[in-house]
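What follows is coords-v7.tsv (TSV, C-alpha atoms).
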```
chain	number	residue	atom	x	y	z
A	1380	MET	CA	123.34	83.12	105.38
A	1381	ARG	CA	126.68	84.59	104.35
A	1382	LEU	CA	126.94	87.27	101.68
A	1383	SER	CA	129.12	84.93	99.59
A	1384	GLN	CA	126.23	82.46	99.44
A	1385	TRP	CA	124.00	85.15	97.97
A	1386	ILE	CA	126.60	86.00	95.35
A	1387	ILE	CA	127.11	82.37	94.38
A	1388	GLY	CA	123.41	81.53	94.25
A	1389	PHE	CA	121.84	84.76	93.08
A	1390	TYR	CA	122.54	84.38	89.36
A	1391	ALA	CA	121.85	80.66	89.18
A	1392	ALA	CA	118.58	79.44	87.76
A	1393	GLY	CA	116.06	79.18	90.56
A	1394	LEU	CA	112.67	80.01	91.99
A	1395	ILE	CA	111.13	83.37	91.22
A	1396	PHE	CA	109.10	84.86	94.07
A	1397	GLY	CA	106.30	87.39	93.99
A	1398	THR	CA	103.76	88.44	91.41
A	1399	ALA	CA	104.89	89.56	87.98
A	1400	ALA	CA	103.51	92.71	86.45
A	1401	ARG	CA	101.26	92.00	83.49
A	1402	GLY	CA	103.35	91.29	80.43
A	1403	ALA	CA	106.63	91.13	82.34
A	1404	SER	CA	109.19	88.47	81.50
A	1405	LEU	CA	110.11	85.90	84.12
A	1406	PRO	CA	113.91	85.69	84.28
A	1407	ALA	CA	114.86	82.83	86.60
A	1408	ILE	CA	117.71	84.53	88.44
A	1409	ILE	CA	116.51	84.69	92.05
A	1410	THR	CA	117.06	81.66	94.24
A	1411	ILE	CA	116.41	83.18	97.66
A	1412	THR	CA	113.01	82.42	99.13
A	1413	PRO	CA	110.68	84.93	100.80
A	1414	ALA	CA	111.17	83.15	104.15
A	1415	GLU	CA	114.94	83.49	103.86
A	1416	ILE	CA	114.64	87.18	103.04
A	1417	THR	CA	112.40	87.66	106.06
A	1418	ALA	CA	114.89	85.87	108.29
A	1419	ASP	CA	117.81	87.91	107.00
A	1420	LEU	CA	115.95	91.21	107.42
A	1421	ARG	CA	115.20	90.24	111.02
A	1422	SER	CA	118.80	89.30	111.70
A	1423	SER	CA	121.43	91.56	113.23
A	1424	ASP	CA	123.94	90.86	110.47
A	1425	PRO	CA	124.40	93.99	108.32
A	1426	ASP	CA	125.64	91.94	105.35
A	1427	ASN	CA	122.58	89.70	105.40
A	1428	ILE	CA	120.25	92.68	105.66
A	1429	LYS	CA	122.01	94.44	102.80
A	1430	ALA	CA	121.87	91.30	100.64
A	1431	ALA	CA	118.16	90.84	101.37
A	1432	ILE	CA	117.41	94.42	100.35
A	1433	THR	CA	119.46	93.93	97.17
A	1434	ALA	CA	117.46	90.81	96.33
A	1435	ILE	CA	114.17	92.67	96.86
A	1436	ARG	CA	115.30	95.58	94.69
A	1437	ASP	CA	116.48	93.30	91.88
A	1438	ALA	CA	113.24	91.33	91.90
A	1439	MET	CA	111.24	94.56	91.81
A	1440	GLY	CA	113.41	95.71	88.92
A	1441	HIS	CA	112.12	92.70	86.98
A	1442	GLY	CA	108.51	93.55	87.83
A	1443	HIS	CA	108.04	91.21	90.77
A	1444	ILE	CA	106.35	92.59	93.88
A	1445	ALA	CA	105.95	89.91	96.54
A	1446	ASP	CA	103.04	90.10	98.98
A	1447	ALA	CA	105.67	89.50	101.67
A	1448	LEU	CA	106.96	93.02	100.99
A	1449	TRP	CA	104.22	94.69	103.03
A	1450	LYS	CA	103.34	91.67	105.17
A	1451	ASN	CA	106.86	90.88	106.43
A	1452	TRP	CA	109.72	92.82	104.89
A	1453	LEU	CA	108.64	96.42	105.34
A	1454	PRO	CA	107.62	95.76	108.98
A	1455	ALA	CA	111.05	94.20	109.58
A	1456	LEU	CA	112.79	97.21	108.03
A	1457	MET	CA	110.73	99.60	110.13
A	1458	ARG	CA	111.49	97.67	113.33
A	1459	GLY	CA	115.18	97.84	112.43
A	1460	ASN	CA	114.98	101.61	111.87
A	1461	ARG	CA	115.87	101.12	108.19
A	1462	PHE	CA	113.53	103.97	107.35
A	1463	GLN	CA	115.16	105.10	104.11
A	1464	ASP	CA	115.08	101.59	102.68
A	1465	ALA	CA	111.45	101.21	103.76
A	1466	ALA	CA	110.52	104.56	102.22
A	1467	ASP	CA	112.20	103.76	98.91
A	1468	LEU	CA	110.92	100.21	98.55
A	1469	SER	CA	107.35	101.00	99.56
A	1470	PHE	CA	107.00	103.89	97.12
A	1471	THR	CA	108.61	102.01	94.22
A	1472	ALA	CA	106.27	99.09	94.83
A	1473	ALA	CA	103.21	101.35	95.09
A	1474	LEU	CA	103.97	102.79	91.65
A	1475	ALA	CA	104.52	99.33	90.19
A	1476	ARG	CA	101.48	97.65	91.78
A	1477	PRO	CA	98.77	100.27	92.29
A	1478	ALA	CA	95.88	97.82	92.57
A	1479	THR	CA	93.13	98.42	95.10
A	1480	GLY	CA	94.09	96.71	98.34
A	1481	THR	CA	97.81	96.95	97.52
A	1482	ILE	CA	98.67	100.58	96.98
A	1483	GLY	CA	97.12	101.62	100.31
A	1484	PRO	CA	99.26	99.43	102.59
A	1485	LEU	CA	102.38	100.35	100.62
A	1486	LEU	CA	101.74	104.08	100.91
A	1487	SER	CA	101.03	103.73	104.62
A	1488	PHE	CA	104.54	102.35	105.07
A	1489	HIS	CA	105.90	105.14	102.89
A	1490	ALA	CA	104.35	107.80	105.12
A	1491	ARG	CA	105.48	106.14	108.34
A	1492	ALA	CA	109.01	105.63	107.02
A	1493	LEU	CA	109.30	109.31	106.09
A	1494	LEU	CA	108.02	110.17	109.54
A	1495	GLY	CA	110.72	107.93	111.00
A	1496	LEU	CA	113.27	109.93	109.00
A	1497	HIS	CA	111.78	113.15	110.47
A	1498	HIS	CA	110.99	114.42	106.97
A	1499	ALA	CA	107.85	115.98	108.35
A	1500	LYS	CA	106.47	117.85	105.35
A	1501	GLU	CA	107.20	114.96	102.96
A	1502	ALA	CA	105.61	112.56	105.43
A	1503	LEU	CA	102.50	114.74	105.63
A	1504	ALA	CA	102.15	114.77	101.84
A	1505	ALA	CA	102.63	110.98	101.82
A	1506	ALA	CA	99.98	110.66	104.52
A	1507	ARG	CA	97.61	112.69	102.35
A	1508	SER	CA	98.29	110.31	99.45
A	1509	TYR	CA	97.53	107.37	101.73
A	1510	TYR	CA	94.35	109.03	102.99
A	1511	ASN	CA	93.26	109.63	99.39
A	1512	VAL	CA	93.77	106.11	98.12
A	1513	CYS	CA	93.36	103.70	101.05
A	1514	ASP	CA	90.40	101.37	101.34
A	1515	PHE	CA	87.44	103.09	102.97
A	1516	SER	CA	87.74	100.71	105.92
A	1517	ALA	CA	91.28	102.01	106.54
A	1518	THR	CA	90.22	105.66	106.88
A	1519	ALA	CA	90.76	105.69	110.65
A	1520	ASP	CA	94.33	104.45	110.20
A	1521	ALA	CA	94.96	107.12	107.56
A	1522	VAL	CA	93.61	109.78	109.93
A	1523	GLN	CA	95.96	108.57	112.67
A	1524	ILE	CA	99.00	108.67	110.40
A	1525	ALA	CA	98.05	112.14	109.15
A	1526	ALA	CA	97.64	113.32	112.75
A	1527	GLU	CA	101.12	112.10	113.65
A	1528	CYS	CA	102.54	113.84	110.59
A	1529	LEU	CA	100.74	117.10	111.42
A	1530	ALA	CA	102.19	117.02	114.94
A	1531	GLU	CA	105.69	116.52	113.51
A	1532	ALA	CA	105.27	119.17	110.81
A	1533	TYR	CA	103.77	121.84	113.11
A	1534	PRO	CA	105.26	121.26	116.58
A	1535	GLU	CA	104.49	124.84	117.60
A	1536	ASP	CA	100.75	124.25	117.19
A	1537	LEU	CA	99.83	122.18	120.24
A	1538	GLU	CA	96.16	121.99	119.23
A	1539	ILE	CA	96.56	120.89	115.62
A	1540	VAL	CA	96.01	117.18	116.25
A	1541	ARG	CA	92.94	117.82	118.40
A	1542	ARG	CA	91.43	120.11	115.76
A	1543	PHE	CA	92.21	117.69	112.97
A	1544	LYS	CA	90.70	114.68	114.71
A	1545	ALA	CA	87.67	116.69	115.78
A	1546	GLU	CA	87.13	117.77	112.17
A	1547	GLN	CA	87.41	114.20	110.90
A	1548	SER	CA	85.11	112.90	113.63
A	1549	ALA	CA	82.50	115.57	112.94
A	1550	ALA	CA	82.55	114.73	109.24
A	1551	GLY	CA	82.11	111.05	110.03
A	1552	ASP	CA	79.09	111.79	112.20
A	1553	SER	CA	77.61	114.32	109.80
A	1554	THR	CA	74.10	113.76	108.52
A	1555	SER	CA	74.13	116.91	106.42
A	1556	SER	CA	73.56	116.98	102.70
A	1557	PRO	CA	76.63	116.07	100.67
A	1558	GLY	CA	76.24	119.37	98.86
A	1559	ALA	CA	76.32	121.43	102.02
A	1560	THR	CA	78.89	124.20	102.17
A	1561	THR	CA	81.52	123.57	104.80
A	1562	GLN	CA	84.82	125.04	105.89
A	1563	PRO	CA	87.69	123.58	103.82
A	1564	ALA	CA	89.23	120.59	105.56
A	1565	MET	CA	92.73	120.78	106.98
A	1566	LEU	CA	93.94	118.07	104.62
A	1567	ALA	CA	92.80	120.16	101.66
A	1568	ALA	CA	95.74	122.47	102.31
A	1569	VAL	CA	98.28	119.62	102.08
A	1570	ALA	CA	99.88	119.66	98.63
A	1571	ILE	CA	101.11	116.52	96.89
A	1572	ASP	CA	103.98	116.63	94.42
A	1573	ASP	CA	102.62	114.62	91.48
A	1574	GLN	CA	105.93	114.50	89.56
A	1575	PRO	CA	107.08	111.16	91.07
A	1576	TYR	CA	103.83	109.61	89.82
A	1577	SER	CA	104.09	110.92	86.25
A	1578	ALA	CA	105.80	107.93	84.62
A	1579	ALA	CA	103.48	105.40	86.26
A	1580	LEU	CA	100.44	107.47	85.29
A	1581	LYS	CA	101.63	107.71	81.69
A	1582	HIS	CA	102.16	103.94	81.59
A	1583	LEU	CA	98.53	103.24	82.55
A	1584	GLN	CA	96.85	106.22	80.93
A	1585	SER	CA	95.81	104.44	77.74
A	1586	THR	CA	94.86	101.09	79.24
A	1587	THR	CA	91.37	99.75	78.62
A	1588	ARG	CA	90.97	96.72	80.91
A	1589	PHE	CA	88.67	97.45	83.85
A	1590	ARG	CA	91.18	96.57	86.58
A	1591	ASP	CA	93.93	98.55	84.84
A	1592	ARG	CA	91.64	101.58	84.73
A	1593	VAL	CA	91.03	101.11	88.46
A	1594	ALA	CA	94.79	101.04	89.04
A	1595	TYR	CA	95.11	104.24	87.01
A	1596	GLY	CA	92.41	105.83	89.15
A	1597	ASN	CA	94.27	104.78	92.28
A	1598	LEU	CA	97.42	106.48	91.02
A	1599	LEU	CA	95.43	109.62	90.26
A	1600	LEU	CA	94.18	109.63	93.86
A	1601	ALA	CA	97.65	109.09	95.29
A	1602	ALA	CA	99.04	111.88	93.08
A	1603	GLY	CA	96.39	114.31	94.30
A	1604	HIS	CA	94.24	114.39	91.15
A	1605	ALA	CA	91.02	113.57	92.94
A	1606	GLN	CA	88.62	115.22	90.49
A	1607	GLU	CA	90.09	113.29	87.58
A	1608	ALA	CA	89.83	110.12	89.64
A	1609	GLU	CA	86.18	110.85	90.44
A	1610	ALA	CA	85.36	111.27	86.75
A	1611	LEU	CA	87.12	108.00	85.96
A	1612	PHE	CA	85.43	106.01	88.73
A	1613	ARG	CA	82.05	107.53	87.84
A	1614	HIS	CA	82.59	106.19	84.31
A	1615	LEU	CA	83.66	102.78	85.62
A	1616	TYR	CA	80.59	102.74	87.87
A	1617	GLN	CA	78.42	103.03	84.77
A	1618	LEU	CA	80.44	100.40	82.88
A	1619	ALA	CA	80.62	97.78	85.65
A	1620	ASP	CA	79.20	94.50	84.34
A	1621	THR	CA	79.75	92.27	87.37
A	1622	GLN	CA	78.99	92.66	91.06
A	1623	ASP	CA	82.70	92.61	91.87
A	1624	ASN	CA	83.46	95.38	89.41
A	1625	LEU	CA	80.48	97.39	90.63
A	1626	ALA	CA	81.75	97.12	94.22
A	1627	ILE	CA	85.24	98.21	93.15
A	1628	ALA	CA	83.90	101.19	91.21
A	1629	THR	CA	81.58	102.16	94.05
A	1630	GLU	CA	84.40	102.25	96.57
A	1631	GLY	CA	86.62	104.02	94.05
A	1632	LEU	CA	84.06	106.77	93.67
A	1633	ALA	CA	83.63	107.04	97.44
A	1634	ARG	CA	87.40	107.25	97.89
A	1635	SER	CA	87.51	109.98	95.26
A	1636	LEU	CA	84.93	112.04	97.13
A	1637	ARG	CA	86.88	111.57	100.36
A	1638	ALA	CA	90.07	112.66	98.60
A	1639	GLU	CA	88.47	115.75	97.08
A	1640	ASP	CA	87.10	116.95	100.41
A	1641	GLY	CA	89.69	115.73	102.90
A	1642	THR	CA	86.83	114.30	104.98
A	1643	ILE	CA	84.35	111.44	104.57
A	1644	ALA	CA	81.08	113.38	104.97
A	1645	ARG	CA	80.09	113.52	101.29
A	1646	ALA	CA	81.34	110.00	100.59
A	1647	ASN	CA	79.39	108.68	103.58
A	1648	ALA	CA	76.21	110.36	102.39
A	1649	TRP	CA	76.59	108.85	98.94
A	1650	LEU	CA	77.23	105.36	100.27
A	1651	LEU	CA	74.35	105.65	102.72
A	1652	ALA	CA	71.96	106.53	99.90
A	1653	LEU	CA	73.10	103.47	97.98
A	1654	ARG	CA	72.63	101.17	100.98
A	1655	GLN	CA	69.16	102.54	101.59
A	1656	GLY	CA	68.24	101.75	98.02
A	1657	SER	CA	67.36	105.32	97.17
A	1658	GLN	CA	68.61	107.16	94.16
A	1659	ALA	CA	72.23	108.08	94.77
A	1660	PRO	CA	72.60	111.79	95.47
A	1661	ASP	CA	74.57	114.04	93.20
A	1662	THR	CA	78.21	113.72	94.18
A	1663	GLN	CA	79.10	117.22	93.12
A	1664	PRO	CA	80.12	119.59	95.94
```
Write the structure described by the file as structure tokens, please.
Amino acid sequence: MRLSQWIIGFYAAGLIFGTAARGASLPAIITITPAEITADLRSSDPDNIKAAITAIRDAMGHGHIADALWKNWLPALMRGNRFQDAADLSFTAALARPATGTIGPLLSFHARALLGLHHAKEALAAARSYYNVCDFSATADAVQIAAECLAEAYPEDLEIVRRFKAEQSAAGDSTSSPGATTQPAMLAAVAIDDQPYSAALKHLQSTTRFRDRVAYGNLLLAAGHAQEAEALFRHLYQLADTQDNLAIATEGLARSLRAEDGTIARANAWLLALRQGSQAPDTQP
């Protein structure tokens, strides 16, 4: 596809792709399909790649975040070493669509893209955000990304990855009480700059719908406000009126415990107590 074709077709009425943010208008200005964007991102033509990225940015500017972003487009950008574009698009999308199951994959790309740019300390903070907010089943992937970022950030420490993975493994195997005193985890020392999250947090702060409150909690986790997120998910756990909402709140609370500690020991103990049907232990450290 030639750049001129994009310019001719882009402002004509056409098919909107992606999922609109709640309450967003649906201006019919985008005629390019997700498959065409994928093809152009995978091409070797710089003009096509640039036009595809422009189309994605403009759609996102209207509140549309296509699932293809993290399924096809970000992988294509990463394979093409377009790390800055991948970093920018993934983070913008994560702020705009912080739902459970969405924000995690987006922040994983953000961390890996920053690592590709050799922005080691920023990548490590992004990896911490991903570790905080990702689905519990993705913890191993978050540990791997964090390990790669630690190696890049501290190249003089040849043992840092081994120590980090050993710490995470020990926490995963721990059968100790969730209230047991332990040495602070290595991830606990990784600071997250919460300023880039401030506008998105403010936008969702006063929402009342259950899923919007979950999205707000996810942003709190990504921004490094794990204790606030725990309090929110604890409240949602009490309010949950369906099995689906109860499952979401349960995982949200477990993710909050993991984020607070930088390991999964306390979260594991809490989830294990629930599975065994016993009274859930106190989640306080």
- Which residue of A:Leu1625, A:Val1540, A:Leu1486, A:Ile1428 approaches Asn1511 of chain A most closely, using only C-alpha atoms: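 Of all the options, A:Leu1486 lies closest to Asn1511 of chain A.
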- Message: For a quick check of understanding, using all atoms listed in the file, which of A:Ser1423, A:Asn1647, A:Asn1451, A:Thr1471 has the smallest distance to Asp1437 of chain A?
- Response: A:Thr1471
- Item | Atom pair atom CA of Tyr1616 of chain A / atom CA of Ala1579 of chain A: separation (Å) |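 Between atom CA of Tyr1616 of chain A and atom CA of Ala1579 of chain A the gap is 23.1 Å.
The space between atom CA of Ser1469 of chain A and atom CA of His1489 of chain A spans 5.5 Å.
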- Compile the contact shell of segment 1569-1575 of chain A as an NGL selection string: residues with an atom at most 6 Å away, counting all atoms listed in the file, same-chain residues fewer than 2 positions apart removed. :A and (1504 or 1566-1567 or 1577 or 1602-1603)
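Taking atom CA of His1497 of chain A and atom CA of Ala1550 of chain A as the two end points, the separation is 29.3 Å.
For the set A:Asp1552, A:Met1439, A:Ala1455, A:Ala1447, the residue with the smallest atom-to-atom gap to Asp1419 of chain A is A:Ala1455, counting only C-alpha atoms.
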- Query: If you count all atoms listed in the file, which residues fall within 8 Å of Glu1531 of chain A, apart from same-chain ones fewer than 2 positions away, as a list in words?
  - Reply: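 Once the nearby chain positions are removed, what remains is Leu1494, His1497, Ala1499, Glu1527, Cys1528, Leu1529, Tyr1533 and Pro1534 of chain A.
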- Taking all atoms listed in the file into account, which of A:Ala1532, A:Ala1517, A:Leu1650, A:Leu1474 comes nearest Ala1502 of chain A?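 Smallest distance to Ala1502 of chain A is found for A:Ala1532.
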Give me segment 1481-1516 of chain A with N, CA and C atoms filled in, as a PDB file, keeping the file's coordinate frame.
```pdb
ATOM      1  N   THR A1481      96.346  97.046  97.507  1.00  0.00           N
ATOM      2  CA  THR A1481      97.810  96.950  97.520  1.00  0.00           C
ATOM      3  C   THR A1481      98.459  98.303  97.717  1.00  0.00           C
ATOM      4  N   ILE A1482      98.026  99.280  96.930  1.00  0.00           N
ATOM      5  CA  ILE A1482      98.670 100.580  96.980  1.00  0.00           C
ATOM      6  C   ILE A1482      98.486 101.251  98.341  1.00  0.00           C
ATOM      7  N   GLY A1483      97.364 101.017  98.997  1.00  0.00           N
ATOM      8  CA  GLY A1483      97.120 101.620 100.310  1.00  0.00           C
ATOM      9  C   GLY A1483      98.136 101.180 101.353  1.00  0.00           C
ATOM     10  N   PRO A1484      98.267  99.866 101.600  1.00  0.00           N
ATOM     11  CA  PRO A1484      99.260  99.430 102.590  1.00  0.00           C
ATOM     12  C   PRO A1484     100.673  99.902 102.267  1.00  0.00           C
ATOM     13  N   LEU A1485     101.041  99.913 100.991  1.00  0.00           N
ATOM     14  CA  LEU A1485     102.380 100.350 100.620  1.00  0.00           C
ATOM     15  C   LEU A1485     102.587 101.833 100.931  1.00  0.00           C
ATOM     16  N   LEU A1486     101.594 102.658 100.630  1.00  0.00           N
ATOM     17  CA  LEU A1486     101.740 104.080 100.910  1.00  0.00           C
ATOM     18  C   LEU A1486     101.664 104.385 102.401  1.00  0.00           C
ATOM     19  N   SER A1487     101.016 103.524 103.165  1.00  0.00           N
ATOM     20  CA  SER A1487     101.030 103.730 104.620  1.00  0.00           C
ATOM     21  C   SER A1487     102.441 103.546 105.157  1.00  0.00           C
ATOM     22  N   PHE A1488     103.147 102.533 104.661  1.00  0.00           N
ATOM     23  CA  PHE A1488     104.540 102.350 105.070  1.00  0.00           C
ATOM     24  C   PHE A1488     105.410 103.509 104.592  1.00  0.00           C
ATOM     25  N   HIS A1489     105.131 104.011 103.411  1.00  0.00           N
ATOM     26  CA  HIS A1489     105.900 105.140 102.890  1.00  0.00           C
ATOM     27  C   HIS A1489     105.777 106.343 103.809  1.00  0.00           C
ATOM     28  N   ALA A1490     104.561 106.657 104.229  1.00  0.00           N
ATOM     29  CA  ALA A1490     104.350 107.800 105.120  1.00  0.00           C
ATOM     30  C   ALA A1490     105.033 107.584 106.466  1.00  0.00           C
ATOM     31  N   ARG A1491     104.885 106.406 107.027  1.00  0.00           N
ATOM     32  CA  ARG A1491     105.480 106.140 108.340  1.00  0.00           C
ATOM     33  C   ARG A1491     107.006 106.125 108.273  1.00  0.00           C
ATOM     34  N   ALA A1492     107.558 105.636 107.171  1.00  0.00           N
ATOM     35  CA  ALA A1492     109.010 105.630 107.020  1.00  0.00           C
ATOM     36  C   ALA A1492     109.553 107.055 106.928  1.00  0.00           C
ATOM     37  N   LEU A1493     108.875 107.910 106.171  1.00  0.00           N
ATOM     38  CA  LEU A1493     109.300 109.310 106.090  1.00  0.00           C
ATOM     39  C   LEU A1493     109.183 109.996 107.444  1.00  0.00           C
ATOM     40  N   LEU A1494     108.167 109.621 108.191  1.00  0.00           N
ATOM     41  CA  LEU A1494     108.020 110.170 109.540  1.00  0.00           C
ATOM     42  C   LEU A1494     109.182 109.702 110.421  1.00  0.00           C
ATOM     43  N   GLY A1495     109.581 108.438 110.252  1.00  0.00           N
ATOM     44  CA  GLY A1495     110.720 107.930 111.000  1.00  0.00           C
ATOM     45  C   GLY A1495     112.012 108.651 110.663  1.00  0.00           C
ATOM     46  N   LEU A1496     112.106 109.156 109.435  1.00  0.00           N
ATOM     47  CA  LEU A1496     113.270 109.930 109.000  1.00  0.00           C
ATOM     48  C   LEU A1496     113.177 111.390 109.445  1.00  0.00           C
ATOM     49  N   HIS A1497     112.051 111.761 110.045  1.00  0.00           N
ATOM     50  CA  HIS A1497     111.780 113.150 110.470  1.00  0.00           C
ATOM     51  C   HIS A1497     111.713 114.105 109.279  1.00  0.00           C
ATOM     52  N   HIS A1498     111.277 113.585 108.142  1.00  0.00           N
ATOM     53  CA  HIS A1498     110.990 114.420 106.970  1.00  0.00           C
ATOM     54  C   HIS A1498     109.513 114.808 107.054  1.00  0.00           C
ATOM     55  N   ALA A1499     109.229 115.738 107.930  1.00  0.00           N
ATOM     56  CA  ALA A1499     107.850 115.980 108.350  1.00  0.00           C
ATOM     57  C   ALA A1499     106.936 116.396 107.214  1.00  0.00           C
ATOM     58  N   LYS A1500     107.356 117.354 106.411  1.00  0.00           N
ATOM     59  CA  LYS A1500     106.470 117.850 105.350  1.00  0.00           C
ATOM     60  C   LYS A1500     106.272 116.786 104.261  1.00  0.00           C
ATOM     61  N   GLU A1501     107.346 116.053 103.923  1.00  0.00           N
ATOM     62  CA  GLU A1501     107.200 114.960 102.960  1.00  0.00           C
ATOM     63  C   GLU A1501     106.295 113.873 103.526  1.00  0.00           C
ATOM     64  N   ALA A1502     106.450 113.580 104.798  1.00  0.00           N
ATOM     65  CA  ALA A1502     105.610 112.560 105.430  1.00  0.00           C
ATOM     66  C   ALA A1502     104.149 112.972 105.407  1.00  0.00           C
ATOM     67  N   LEU A1503     103.880 114.259 105.635  1.00  0.00           N
ATOM     68  CA  LEU A1503     102.500 114.740 105.630  1.00  0.00           C
ATOM     69  C   LEU A1503     101.885 114.606 104.237  1.00  0.00           C
ATOM     70  N   ALA A1504     102.655 114.938 103.203  1.00  0.00           N
ATOM     71  CA  ALA A1504     102.150 114.770 101.840  1.00  0.00           C
ATOM     72  C   ALA A1504     101.907 113.286 101.538  1.00  0.00           C
ATOM     73  N   ALA A1505     102.810 112.429 102.010  1.00  0.00           N
ATOM     74  CA  ALA A1505     102.630 110.980 101.820  1.00  0.00           C
ATOM     75  C   ALA A1505     101.402 110.480 102.567  1.00  0.00           C
ATOM     76  N   ALA A1506     101.164 111.030 103.760  1.00  0.00           N
ATOM     77  CA  ALA A1506      99.980 110.660 104.520  1.00  0.00           C
ATOM     78  C   ALA A1506      98.709 111.086 103.798  1.00  0.00           C
ATOM     79  N   ARG A1507      98.764 112.243 103.137  1.00  0.00           N
ATOM     80  CA  ARG A1507      97.610 112.690 102.350  1.00  0.00           C
ATOM     81  C   ARG A1507      97.372 111.732 101.186  1.00  0.00           C
ATOM     82  N   SER A1508      98.444 111.291 100.528  1.00  0.00           N
ATOM     83  CA  SER A1508      98.290 110.310  99.450  1.00  0.00           C
ATOM     84  C   SER A1508      97.650 109.032  99.968  1.00  0.00           C
ATOM     85  N   TYR A1509      98.108 108.583 101.131  1.00  0.00           N
ATOM     86  CA  TYR A1509      97.530 107.370 101.730  1.00  0.00           C
ATOM     87  C   TYR A1509      96.058 107.578 102.064  1.00  0.00           C
ATOM     88  N   TYR A1510      95.739 108.711 102.662  1.00  0.00           N
ATOM     89  CA  TYR A1510      94.350 109.030 102.990  1.00  0.00           C
ATOM     90  C   TYR A1510      93.488 109.011 101.726  1.00  0.00           C
ATOM     91  N   ASN A1511      94.023 109.549 100.637  1.00  0.00           N
ATOM     92  CA  ASN A1511      93.260 109.630  99.390  1.00  0.00           C
ATOM     93  C   ASN A1511      92.927 108.255  98.821  1.00  0.00           C
ATOM     94  N   VAL A1512      93.880 107.331  98.901  1.00  0.00           N
ATOM     95  CA  VAL A1512      93.770 106.110  98.120  1.00  0.00           C
ATOM     96  C   VAL A1512      93.422 104.872  98.940  1.00  0.00           C
ATOM     97  N   CYS A1513      93.561 104.917 100.255  1.00  0.00           N
ATOM     98  CA  CYS A1513      93.360 103.700 101.050  1.00  0.00           C
ATOM     99  C   CYS A1513      91.923 103.206 100.978  1.00  0.00           C
ATOM    100  N   ASP A1514      91.746 101.919 101.266  1.00  0.00           N
ATOM    101  CA  ASP A1514      90.400 101.370 101.340  1.00  0.00           C
ATOM    102  C   ASP A1514      89.576 102.185 102.337  1.00  0.00           C
ATOM    103  N   PHE A1515      88.292 102.280 102.092  1.00  0.00           N
ATOM    104  CA  PHE A1515      87.440 103.090 102.970  1.00  0.00           C
ATOM    105  C   PHE A1515      87.506 102.589 104.409  1.00  0.00           C
ATOM    106  N   SER A1516      87.674 101.278 104.578  1.00  0.00           N
ATOM    107  CA  SER A1516      87.740 100.710 105.920  1.00  0.00           C
ATOM    108  C   SER A1516      89.022 101.102 106.661  1.00  0.00           C
TER     109      SER A1516
END
```
